[in-house]
Each structure stands twice: as C-alpha cells, then as structure tokens.
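Text of query24.cif (mmCIF, C-alpha atoms) as supplied:
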data_protein
#
loop_
_atom_site.label_atom_id
_atom_site.label_comp_id
_atom_site.auth_asym_id
_atom_site.auth_seq_id
_atom_site.Cartn_x
_atom_site.Cartn_y
_atom_site.Cartn_z
CA MET A 30 13.51 -233.93 -118.15
CA GLY A 31 14.68 -236.30 -115.51
CA ALA A 32 12.14 -234.98 -112.98
CA GLU A 33 9.27 -235.38 -115.43
CA ASN A 34 10.26 -238.94 -116.25
CA SER A 35 10.49 -239.81 -112.53
CA ARG A 36 6.77 -238.97 -111.87
CA PRO A 37 4.55 -242.07 -111.44
CA LYS A 38 2.09 -242.58 -114.31
CA SER A 39 -1.58 -242.92 -113.25
CA SER A 40 -3.65 -245.72 -114.77
CA ILE A 41 -6.97 -243.75 -114.21
CA SER A 42 -8.17 -241.66 -117.11
CA ASN A 43 -9.74 -238.23 -116.79
CA TYR A 44 -13.13 -239.58 -117.76
CA GLU A 45 -13.11 -242.21 -115.01
CA LEU A 46 -12.05 -239.55 -112.49
CA GLU A 47 -14.94 -237.26 -113.52
CA VAL A 48 -17.43 -240.14 -113.24
CA ALA A 49 -16.16 -240.98 -109.74
CA LEU A 50 -16.40 -237.34 -108.65
CA GLU A 51 -19.92 -237.03 -110.02
CA ARG A 52 -20.99 -240.17 -108.20
CA GLN A 53 -19.52 -238.87 -104.93
CA ARG A 54 -21.25 -235.51 -105.42
CA LYS A 55 -24.64 -237.22 -105.79
CA VAL A 56 -24.06 -239.19 -102.60
CA TYR A 57 -23.23 -235.99 -100.70
CA GLU A 58 -26.32 -234.26 -102.12
CA SER A 59 -28.60 -237.12 -101.08
CA GLN A 60 -27.15 -237.09 -97.56
CA THR A 61 -27.54 -233.31 -97.36
CA GLN A 62 -31.17 -233.51 -98.49
CA ALA A 63 -31.87 -236.17 -95.84
CA LEU A 64 -30.39 -233.98 -93.11
CA LEU A 65 -32.37 -230.98 -94.28
CA GLN A 66 -35.59 -233.02 -94.26
CA ILE A 67 -34.94 -234.12 -90.69
CA GLN A 68 -34.45 -230.50 -89.65
CA ARG A 69 -37.66 -229.46 -91.44
CA ASP A 70 -39.65 -232.19 -89.67
CA ALA A 71 -38.24 -231.15 -86.30
CA LEU A 72 -39.14 -227.51 -87.01
CA VAL A 73 -42.71 -228.45 -87.96
CA LYS A 74 -43.13 -230.48 -84.79
CA SER A 75 -41.83 -227.66 -82.62
CA GLN A 76 -44.18 -225.16 -84.28
CA GLU A 77 -47.17 -227.47 -83.77
CA LYS A 78 -46.21 -227.93 -80.14
CA GLN A 79 -45.90 -224.17 -79.68
CA ARG A 80 -49.34 -223.58 -81.22
CA THR A 81 -50.88 -226.21 -78.95
CA SER A 82 -49.31 -224.62 -75.86
CA GLU A 83 -50.50 -221.15 -76.95
CA VAL A 84 -54.08 -222.40 -77.42
CA THR A 85 -54.01 -224.11 -74.03
CA SER A 86 -52.62 -221.06 -72.25
CA SER A 87 -55.11 -218.74 -73.97
CA THR A 88 -58.09 -220.87 -72.90
CA TRP A 89 -56.83 -221.30 -69.34
CA ASN A 90 -55.50 -217.84 -68.44
CA THR A 91 -58.00 -215.66 -70.25
CA PRO A 92 -57.96 -211.91 -69.67
CA GLY A 93 -60.29 -210.92 -66.90
CA SER A 94 -60.30 -214.28 -65.13
CA SER A 95 -59.55 -214.61 -61.43
CA VAL A 96 -56.25 -216.40 -62.07
CA THR A 97 -55.06 -213.78 -64.53
CA ASN A 98 -56.16 -210.84 -62.36
CA SER A 99 -54.37 -212.30 -59.31
CA LEU A 100 -51.11 -212.58 -61.27
CA TYR A 101 -51.44 -209.47 -63.50
CA PRO A 102 -53.81 -206.97 -61.90
CA ASN A 103 -52.97 -204.19 -64.42
CA LEU A 104 -53.91 -206.25 -67.46
CA PRO A 105 -56.97 -204.74 -69.24
CA GLY A 106 -60.12 -206.81 -69.16
CA PRO A 107 -62.12 -208.31 -72.03
CA SER A 108 -63.90 -206.15 -74.56
CA ASN A 109 -67.62 -206.37 -75.41
CA GLY A 110 -68.17 -208.81 -72.52
CA ASN A 111 -66.51 -211.69 -74.39
CA PRO A 112 -64.01 -213.44 -72.08
CA PHE A 113 -62.20 -215.00 -75.04
CA ALA A 114 -61.71 -211.75 -76.94
CA PRO A 115 -58.17 -210.35 -76.95
CA PRO A 116 -57.55 -207.11 -75.02
CA ASP A 117 -57.59 -203.80 -76.88
CA LEU A 118 -53.90 -203.03 -76.88
CA PRO A 119 -52.11 -200.71 -79.33
CA LEU A 120 -49.76 -202.85 -81.39
CA ASN A 121 -46.80 -201.87 -83.45
CA ARG A 122 -47.07 -203.71 -86.76
CA ASN A 123 -43.47 -203.00 -87.63
CA LEU A 124 -42.15 -204.63 -84.43
CA PHE A 125 -40.92 -208.18 -84.90
CA VAL A 126 -39.29 -209.91 -81.93
CA GLN A 127 -37.99 -213.47 -82.05
CA ASN A 128 -35.82 -215.24 -79.45
CA VAL A 129 -35.04 -211.98 -77.65
CA GLU A 130 -33.70 -212.36 -74.12
CA PRO A 131 -35.43 -210.25 -71.43
CA ALA A 132 -33.79 -206.92 -70.78
CA TYR A 133 -34.29 -207.04 -67.00
CA LEU A 134 -31.87 -208.62 -64.56
CA ASP A 135 -32.62 -209.82 -61.02
CA ASN A 136 -35.67 -207.85 -59.80
CA SER A 137 -35.23 -204.72 -61.98
CA PHE A 138 -37.10 -203.90 -65.21
CA GLN A 139 -35.80 -202.13 -68.27
CA VAL A 140 -38.41 -202.11 -71.04
CA GLN A 141 -37.39 -200.54 -74.34
CA ASN A 142 -40.88 -200.39 -75.87
CA GLN A 143 -43.75 -198.59 -74.10
CA TYR A 144 -46.31 -200.93 -75.67
CA LEU A 145 -44.64 -204.01 -74.19
CA THR A 146 -44.52 -202.80 -70.58
CA PRO A 147 -45.19 -205.77 -68.23
CA SER A 148 -47.59 -205.29 -65.35
CA ALA A 149 -45.89 -207.70 -62.88
CA PRO A 150 -42.29 -208.89 -62.31
CA PRO A 151 -41.37 -212.42 -63.32
CA LEU A 152 -41.08 -215.10 -60.69
CA PRO A 153 -37.51 -215.52 -59.36
CA ILE A 154 -35.73 -218.74 -60.32
CA ASN A 155 -33.06 -220.28 -58.16
CA THR A 156 -30.67 -221.47 -60.85
CA GLN A 157 -28.32 -223.11 -58.35
CA GLU A 158 -31.07 -225.23 -56.86
CA THR A 159 -32.37 -226.15 -60.31
CA GLN A 160 -28.95 -227.24 -61.48
CA SER A 161 -28.36 -229.26 -58.31
CA ARG A 162 -31.63 -231.13 -58.84
CA THR A 163 -31.12 -231.84 -62.51
CA MET A 164 -27.39 -232.52 -62.54
CA GLN A 165 -27.03 -234.49 -59.30
CA PRO A 166 -26.66 -238.21 -60.15
CA HIS A 167 -28.93 -240.79 -58.56
CA ARG A 168 -27.09 -242.68 -55.86
CA PRO A 169 -28.45 -246.11 -54.92
CA GLN A 170 -29.15 -246.75 -51.27
CA THR A 171 -26.75 -248.89 -49.33
CA ILE A 172 -27.79 -251.99 -47.41
CA GLY A 173 -27.43 -250.06 -44.15
CA GLN A 174 -29.81 -247.33 -45.34
CA ARG A 175 -32.38 -249.91 -46.41
CA LEU A 176 -32.16 -251.73 -43.07
CA ASN A 177 -32.61 -248.45 -41.19
CA LYS A 178 -36.03 -248.06 -42.82
CA PHE A 179 -37.11 -251.30 -41.15
CA ASN A 180 -35.74 -250.16 -37.75
CA PHE A 181 -32.75 -252.52 -37.88
CA GLN A 182 -30.03 -251.45 -35.48
CA ARG A 183 -26.43 -252.55 -35.61
CA CYS A 184 -24.62 -254.17 -32.71
CA PRO A 185 -22.84 -251.78 -30.30
CA ASN A 186 -19.65 -253.80 -30.95
CA TYR A 187 -19.56 -252.88 -34.65
CA LEU A 188 -16.33 -250.96 -34.07
CA HIS A 189 -14.70 -254.18 -32.85
CA GLY A 190 -15.81 -256.33 -35.79
CA CYS A 191 -19.48 -257.30 -35.33
CA SER A 192 -21.39 -256.54 -38.55
CA LEU A 193 -24.80 -257.93 -37.57
CA ARG A 194 -28.03 -255.91 -37.41
CA PHE A 195 -31.18 -256.75 -35.46
CA GLU A 196 -34.55 -255.33 -34.61
CA LYS A 197 -34.81 -253.47 -31.34
CA HIS A 198 -36.43 -256.34 -29.42
CA GLN A 199 -33.74 -258.78 -30.67
CA LEU A 200 -30.71 -256.57 -30.09
CA THR A 201 -30.64 -257.05 -26.31
CA ALA A 202 -30.49 -260.84 -26.61
CA HIS A 203 -27.66 -260.60 -29.14
CA VAL A 204 -25.57 -258.17 -27.07
CA GLU A 205 -25.62 -260.63 -24.15
CA GLU A 206 -23.90 -263.31 -26.23
CA CYS A 207 -22.02 -261.26 -28.84
CA PRO A 208 -18.54 -262.80 -29.29
CA PHE A 209 -17.04 -259.32 -29.62
CA ASN A 210 -17.86 -258.39 -26.02
CA ASP A 211 -15.07 -258.03 -23.48
CA LEU A 212 -13.94 -261.52 -22.44
CA ILE A 213 -12.70 -262.56 -19.03
CA CYS A 214 -9.79 -264.97 -19.07
CA PRO A 215 -11.10 -268.58 -18.82
CA MET A 216 -8.34 -269.27 -16.30
CA ASN A 217 -9.82 -266.73 -13.89
CA SER A 218 -11.76 -269.38 -11.95
CA LEU A 219 -8.65 -271.61 -11.72
CA ASN A 220 -5.70 -269.33 -11.00
CA GLY A 221 -7.35 -265.89 -10.68
CA CYS A 222 -6.04 -264.40 -13.94
CA SER A 223 -7.40 -260.84 -14.22
CA TRP A 224 -6.97 -260.43 -18.00
CA LYS A 225 -9.88 -258.86 -19.91
CA GLY A 226 -9.90 -258.24 -23.63
CA LYS A 227 -11.36 -259.00 -27.06
CA ILE A 228 -11.70 -262.33 -28.82
CA HIS A 229 -8.91 -261.64 -31.32
CA ASP A 230 -6.45 -261.08 -28.43
CA ILE A 231 -7.16 -264.24 -26.43
CA LYS A 232 -4.77 -266.39 -28.47
CA VAL A 233 -1.88 -263.99 -27.83
CA HIS A 234 -2.77 -263.86 -24.12
CA PHE A 235 -2.68 -267.66 -23.76
CA ALA A 236 0.61 -267.87 -25.67
CA GLU A 237 2.24 -265.33 -23.33
CA PHE A 238 0.73 -266.15 -19.91
CA HIS A 239 -0.72 -269.69 -20.23
CA PRO A 240 1.44 -271.55 -22.79
CA GLN A 241 0.89 -274.87 -20.98
CA CYS A 242 -2.83 -274.56 -21.77
CA THR A 243 -2.37 -274.60 -25.56
CA LYS A 244 -0.64 -277.96 -26.01
CA ILE A 245 -3.74 -280.03 -26.81
CA GLN A 246 -4.61 -279.65 -30.48
CA ILE A 247 -7.01 -281.27 -32.95
CA ASN A 248 -6.22 -284.85 -34.03
CA LYS A 249 -3.04 -284.82 -32.00
CA GLU A 250 -2.24 -287.61 -29.56
CA ASP A 251 -1.97 -286.53 -25.95
CA THR A 252 -1.75 -288.14 -22.51
CA LEU A 253 -3.61 -287.64 -19.24
CA HIS A 254 -2.62 -288.61 -15.69
CA ILE A 255 -5.66 -290.03 -13.91
CA CYS A 256 -4.19 -290.02 -10.43
CA GLY A 257 -5.00 -287.02 -8.25
CA ASN A 258 -7.68 -284.28 -8.41
CA TYR A 259 -7.21 -281.46 -10.87
CA GLN A 260 -8.97 -279.40 -13.51
CA PHE A 261 -7.63 -277.45 -16.48
CA VAL A 262 -8.76 -275.51 -19.56
CA ASN A 263 -7.05 -275.76 -22.95
CA LEU A 264 -7.44 -273.25 -25.81
CA ILE A 265 -7.83 -274.82 -29.28
CA THR A 266 -7.77 -272.56 -32.36
CA LEU A 267 -9.25 -273.70 -35.66
CA ASP A 268 -9.08 -271.08 -38.43
CA SER A 269 -10.92 -268.07 -36.97
CA TYR A 270 -12.74 -270.10 -34.28
CA ASN A 271 -11.60 -270.45 -30.67
CA PHE A 272 -12.60 -273.43 -28.52
CA LEU A 273 -12.12 -274.16 -24.81
CA PHE A 274 -11.53 -277.82 -23.91
CA HIS A 275 -12.45 -278.48 -20.26
CA LEU A 276 -11.17 -281.60 -18.54
CA GLN A 277 -11.51 -282.60 -14.86
CA VAL A 278 -10.37 -285.63 -12.89
CA ASP A 279 -12.44 -286.19 -9.73
CA GLN A 280 -11.14 -288.91 -7.42
CA HIS A 281 -13.91 -288.37 -4.88
CA ASN A 282 -16.69 -289.10 -7.39
CA LYS A 283 -14.42 -291.48 -9.35
CA LYS A 284 -15.05 -289.95 -12.77
CA ILE A 285 -13.44 -288.00 -15.56
CA SER A 286 -15.54 -285.25 -17.18
CA PHE A 287 -14.78 -283.29 -20.33
CA GLY A 288 -16.54 -280.88 -22.68
CA VAL A 289 -15.91 -278.22 -25.34
CA GLN A 290 -17.07 -274.61 -25.48
CA LEU A 291 -17.04 -272.34 -28.52
CA ILE A 292 -16.28 -268.68 -27.93
CA GLY A 293 -19.30 -267.45 -29.85
CA THR A 294 -23.08 -267.43 -29.95
CA LYS A 295 -25.34 -270.38 -29.14
CA VAL A 296 -26.35 -270.68 -32.78
CA SER A 297 -22.74 -270.96 -33.91
CA ALA A 298 -21.88 -273.44 -31.16
CA ALA A 299 -24.77 -275.71 -32.18
CA LYS A 300 -23.16 -276.14 -35.61
CA TRP A 301 -19.99 -277.68 -34.17
CA THR A 302 -19.47 -281.24 -32.91
CA TYR A 303 -16.58 -282.52 -30.85
CA GLU A 304 -15.37 -286.11 -30.50
CA VAL A 305 -13.08 -287.60 -27.83
CA ARG A 306 -11.36 -290.97 -28.26
CA VAL A 307 -9.62 -292.79 -25.42
CA TYR A 308 -7.53 -295.85 -26.32
CA ASN A 309 -4.53 -297.97 -25.47
CA LYS A 310 -1.81 -298.42 -28.05
CA LYS A 311 -1.26 -302.02 -27.03
CA GLU A 312 -4.93 -302.83 -27.59
CA PRO A 313 -5.90 -301.12 -30.87
CA ARG A 314 -9.31 -302.85 -31.04
CA ARG A 315 -10.54 -301.32 -27.78
CA LEU A 316 -11.75 -297.72 -28.02
CA PHE A 317 -13.84 -295.33 -25.97
CA LYS A 318 -15.55 -292.80 -28.23
CA TYR A 319 -17.83 -289.94 -27.25
CA VAL A 320 -19.51 -287.41 -29.64
CA ASP A 321 -21.53 -284.38 -28.58
CA LYS A 322 -22.43 -280.80 -29.57
CA CYS A 323 -20.25 -277.90 -28.49
CA HIS A 324 -21.53 -275.43 -25.92
CA SER A 325 -21.34 -271.67 -26.04
CA ASN A 326 -19.18 -269.67 -23.65
CA CYS A 327 -22.21 -267.39 -23.13
CA VAL A 328 -23.68 -270.05 -20.88
CA PRO A 329 -22.03 -270.08 -17.43
CA LEU A 330 -19.71 -273.02 -16.85
CA GLN A 331 -21.58 -274.04 -13.69
CA VAL A 332 -24.75 -274.57 -15.75
CA ILE A 333 -23.25 -276.81 -18.44
CA THR A 334 -20.88 -278.82 -16.21
CA ASP A 335 -23.62 -281.40 -15.63
CA GLN A 336 -23.99 -281.73 -19.42
CA PHE A 337 -20.33 -282.64 -19.95
CA ALA A 338 -19.38 -286.19 -20.87
CA THR A 339 -18.35 -288.44 -17.99
CA MET A 340 -16.20 -291.53 -17.93
CA SER A 341 -15.87 -293.84 -14.96
CA LEU A 342 -12.43 -293.71 -13.40
CA ASP A 343 -12.37 -297.49 -13.02
CA TYR A 344 -13.19 -297.92 -16.69
CA ALA A 345 -10.52 -295.38 -17.65
CA LYS A 346 -7.90 -297.42 -15.78
CA THR A 347 -8.46 -300.29 -18.22
CA PHE A 348 -6.95 -298.06 -20.94
CA SER A 349 -4.10 -296.76 -18.78
CA GLU A 350 -0.43 -297.62 -18.59
CA GLN A 351 1.01 -296.60 -15.22
CA ASN A 352 -2.04 -294.35 -14.57
CA ILE A 353 -1.63 -292.58 -17.92
CA ILE A 354 -4.24 -292.78 -20.66
CA THR A 355 -3.94 -291.72 -24.30
CA PHE A 356 -6.62 -289.69 -26.04
CA ARG A 357 -7.38 -287.57 -29.11
CA ILE A 358 -9.92 -284.82 -29.75
CA PHE A 359 -11.63 -283.95 -33.05
CA LEU A 360 -13.73 -280.96 -34.08
CA ARG A 361 -15.94 -280.72 -37.15
CA LYS A 362 -18.65 -278.43 -38.43
CA ASP A 363 -21.94 -280.06 -39.31
CA ILE A 364 -23.00 -280.05 -42.96
CA PHE A 365 -26.63 -279.10 -43.45
CA PRO A 366 -28.80 -280.78 -46.11
CA SER A 367 -28.60 -277.74 -48.38
CA GLU A 368 -24.81 -277.86 -48.22
CA LYS A 369 -24.86 -281.60 -48.92
CA LYS A 370 -26.77 -281.04 -52.13
CA GLU A 371 -24.22 -278.50 -53.30
CA GLN A 372 -21.44 -280.93 -52.42
CA TYR A 373 -23.04 -283.70 -54.49
CA LYS A 374 -23.47 -281.31 -57.38
CA GLU A 375 -19.76 -280.63 -57.42
CA LYS A 376 -18.73 -284.28 -56.87
CA PRO A 377 -21.56 -286.72 -57.76
CA PRO A 378 -21.32 -290.18 -56.14
CA ARG A 379 -19.85 -292.96 -58.19
CA ARG A 380 -22.20 -295.50 -59.70
CA GLN A 381 -21.51 -299.09 -58.87
#
Is it possible to give me this structure as structure tokens?
Amino acid sequence: MGAENSRPKSSISNYELEVALERQRKVYESQTQALLQIQRDALVKSQEKQRTSEVTSSTWNTPGSSVTNSLYPNLPGPSNGNPFAPPDLPLNRNLFVQNVEPAYLDNSFQVQNQYLTPSAPPLPINTQETQSRTMQPHRPQTIGQRLNKFNFQRCPNYLHGCSLRFEKHQLTAHVEECPFNDLICPMNSLNGCSWKGKIHDIKVHFAEFHPQCTKIQINKEDTLHICGNYQFVNLITLDSYNFLFHLQVDQHNKKISFGVQLIGTKVSAAKWTYEVRVYNKKEPRRLFKYVDKCHSNCVPLQVITDQFATMSLDYAKTFSEQNIITFRIFLRKDIFPSEKKEQYKEKPPRRQ
C-alpha cells in the first residue's frame, strides 16, 4: 500500500493521451507519404532517362552499321534490309535479369546463358586512375607557379634572402646590384680589410674588427677634427637598413666632403634622404645644413665622390673651437603622395 501511494498521479486523462497519439500518428503518416512521393518521382525520372539513353543508343549504334561491326563483328546483321529492325535472336521469355553484375573478371569470360554470349570483351577500366582523377582535390596554384608561366625567374640569391622575381632580360641588371650578393668590407680601400660576407653579417663584422667606425649614429652629436688629412667610413644601422657615412678632410684642396651610401639597390637608395648639420654651441643661431639623396653601394665610390657634399675648410673653421667642429646626421625615408593620403586619412589635419 505504501508503494502504491508513493506513485506520482498524472494529470493527463486517457482520452487526452489517445488524442495526442492519434495526432502524432497522422504527422508521421504525412511525412512518410511525402518521402514515398519523392522516391516515386526520382524513380520515374531515372526510368525516363534510361529510356532516352536506350533510344539514343539504338539509333546511333544500329546493327549492321560500320561502328557496330568494328566493335562487335559477330553481331548478326539487320533482317529484311531494314537497318532499324532488331536482330533475329532466340530469346528466353522466362529469363528476367535486373542489376546483375557481370560474371567475368579481368579479361576472362564466364557466361551462364548460351543466348547471352557476348561477341567481344569489354573495354578494360583502370579503376586506380579513375579514382585518382575523381577523388584528388583541386589545389590552387601558388604565386611562384603563376609567375613561371610568364617566364619570371627568381634571383640566384633566393637562398640568402632575396625573394624578388624578374623577367630574363631584367634579371642580369638586378643581380649586379642585389643587396644579397657577397659584400667586400668597405674598409678594404682604407686599411686593406679582406673580409667578404653577406649583408646580415656586416654589422657583426664592424662590431668585432672596426668598432671605432660605428660611433656616429643618427641624431647624435659628434665632433670632427679639421686639422690634418684623413678619411674614414662609419656604419649606421637603422632597423634593417645599413648605411655607410663617408667623411674626408682634404687640407690640400681646403675642403670637407661627406656623403651617405645605402647598402641596397639604386631604387631603394633613391627613397632615402640624409641631412648633415654643422653648428657651434656658443652660436645657436648659426647653422650649416645640407640635404641630399642617398647613393647606392652598387655604384663605385670613385664615381660618386664628386657628387658628395663639400664644405670649405675656411668656412668650417668659423664653427670650430680649437679646430673641432660639432655636427649631427639625420636619415629619413621619403613619403610618397599615395602614402601621404593614407596618413591624412588616419589623422586628418585640424581645422583652424
């Protein structure tokens, strides 16, 4: 008695439960009828398609035609001279075959019925090749494969970091000034340094063997003795770019010449501008300022020496204190008009 009293009492009557079950049964029946109708429509379409293919094949490969005789030479010809008449073959009315796989395997034949003996073997099918063609996914071409179609060749220094590609008639000009070529130490003409290496190793080489030639840096005050004749090269590194600052004091011609080279192509060097300022701390209003484009290290130094900036030695002495002048050097990359537009889009000018 206690177990019966502990059972939860349902608030749904038997009549409501039967109504709900009947409603659910009708829903299932309607869904089943819809599925059956879809299957019937698909079957009708497949049968129509099969009839169309049979009519087409019967009109194309008729018995006795040249195409049929070349494929099946043992097939009997037409009867009564009608090319569209079916051949006179003994048929077994009691034989009904549907979706029966062929009994032969490979190139052998095993026919169970004498009236269905084929006159020629079926054509062999390479299942492996068919599967490879149908199942192999389409892989898009890479940029390198597309460029190869247009005869673009990559730089021989691609193993050392150069990722550029050129046409055949442009590749020679690029290789001559590629920054990833083997570099000779810039101090070779001054002290005979025999180092030869890549561009990413030149900073380490200067730090180990020419540390005195890395003291001049961008926007850093430095001094220069203008008495005596001497020439030096200073390596300046800015991000991933390497610059060579040349400075020469010539007492015979009474001038000071200076210039900047970028270790890179001529196109890259033309995008950079250097600025040299000579001043005296005691006279802040007086300033010598020179601005010019950087040169490329691909051009021999003897060719561009005449294009370096020059300053009269007598004029330089007006900025000196005990034959020592103070100077600074600046480097900046030019902003093209297209880049200026993008800059204004990000930060529009203030309206006054």
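Proximity to Val305 of chain A was assessed for A:Asp230, A:Glu237, A:Asp251, A:Glu206 counting only C-alpha atoms; the smallest distance is recorded for A:Asp251.
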Centre and size of axis-aligned box enclosing segment 221-236 of chain A plus 3 Å each side, as lines of an AutoDock Vina configuration file:
center_x = -5.5
center_y = -263.1
center_z = -21.0
size_x = 18.3
size_y = 15.6
size_z = 26.6
Taking the file as shown, find all residues satisfying the PyMOL selection byres ((chain A and resi 182) around 6) and write them as a list in words. Phe181, Arg183, Arg194 and Phe195 of chain A
Answer as a VMD selection string, residues within 12 Å of (-16.6, -280.2, -26.6) using all atoms listed in the file: chain A and resid 247 262 to 265 271 to 276 286 to 292 298 to 305 319 to 326 333 to 334 336 to 338 358 to 361
Nearest to Gln280 of chain A by atom-to-atom distance, counting all atoms listed in the file, from A:Ile228, A:Leu193, A:Leu46, A:Leu342: A:Leu342
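Interatomic distance, atom CA of Lys244 of chain A to atom CA of Thr266 of chain A: 11.0 Å.
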Hey, what comes out of the PyMOL selection byres ((chain A and resi 214) around 8) on this file? Could you write it as a count of residues only? 10
Taking the file as I've supplied it (selection: the PyMOL selection byres ((chain A and resi 345) around 9)), which residues are included? Please answer as a VMD selection string. chain A and resid 255 284 to 285 307 317 340 to 344 346 to 349 354
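For the atom pair formed by atom CA of Asn258 of chain A and atom CA of Asn220 of chain A, the distance is 15.3 Å, given to one decimal.
When atom CA of Asp211 of chain A is paired with atom CA of His229 of chain A, their separation reads 10.6 Å.
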Spatial neighbours of Asn210 of chain A, max dist 8 Å, all atoms listed in the file, sep filter under 6 positions, as a list in words: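 In the requested format, the answer is Asn186, Val204, Lys227 and Ile228 of chain A.
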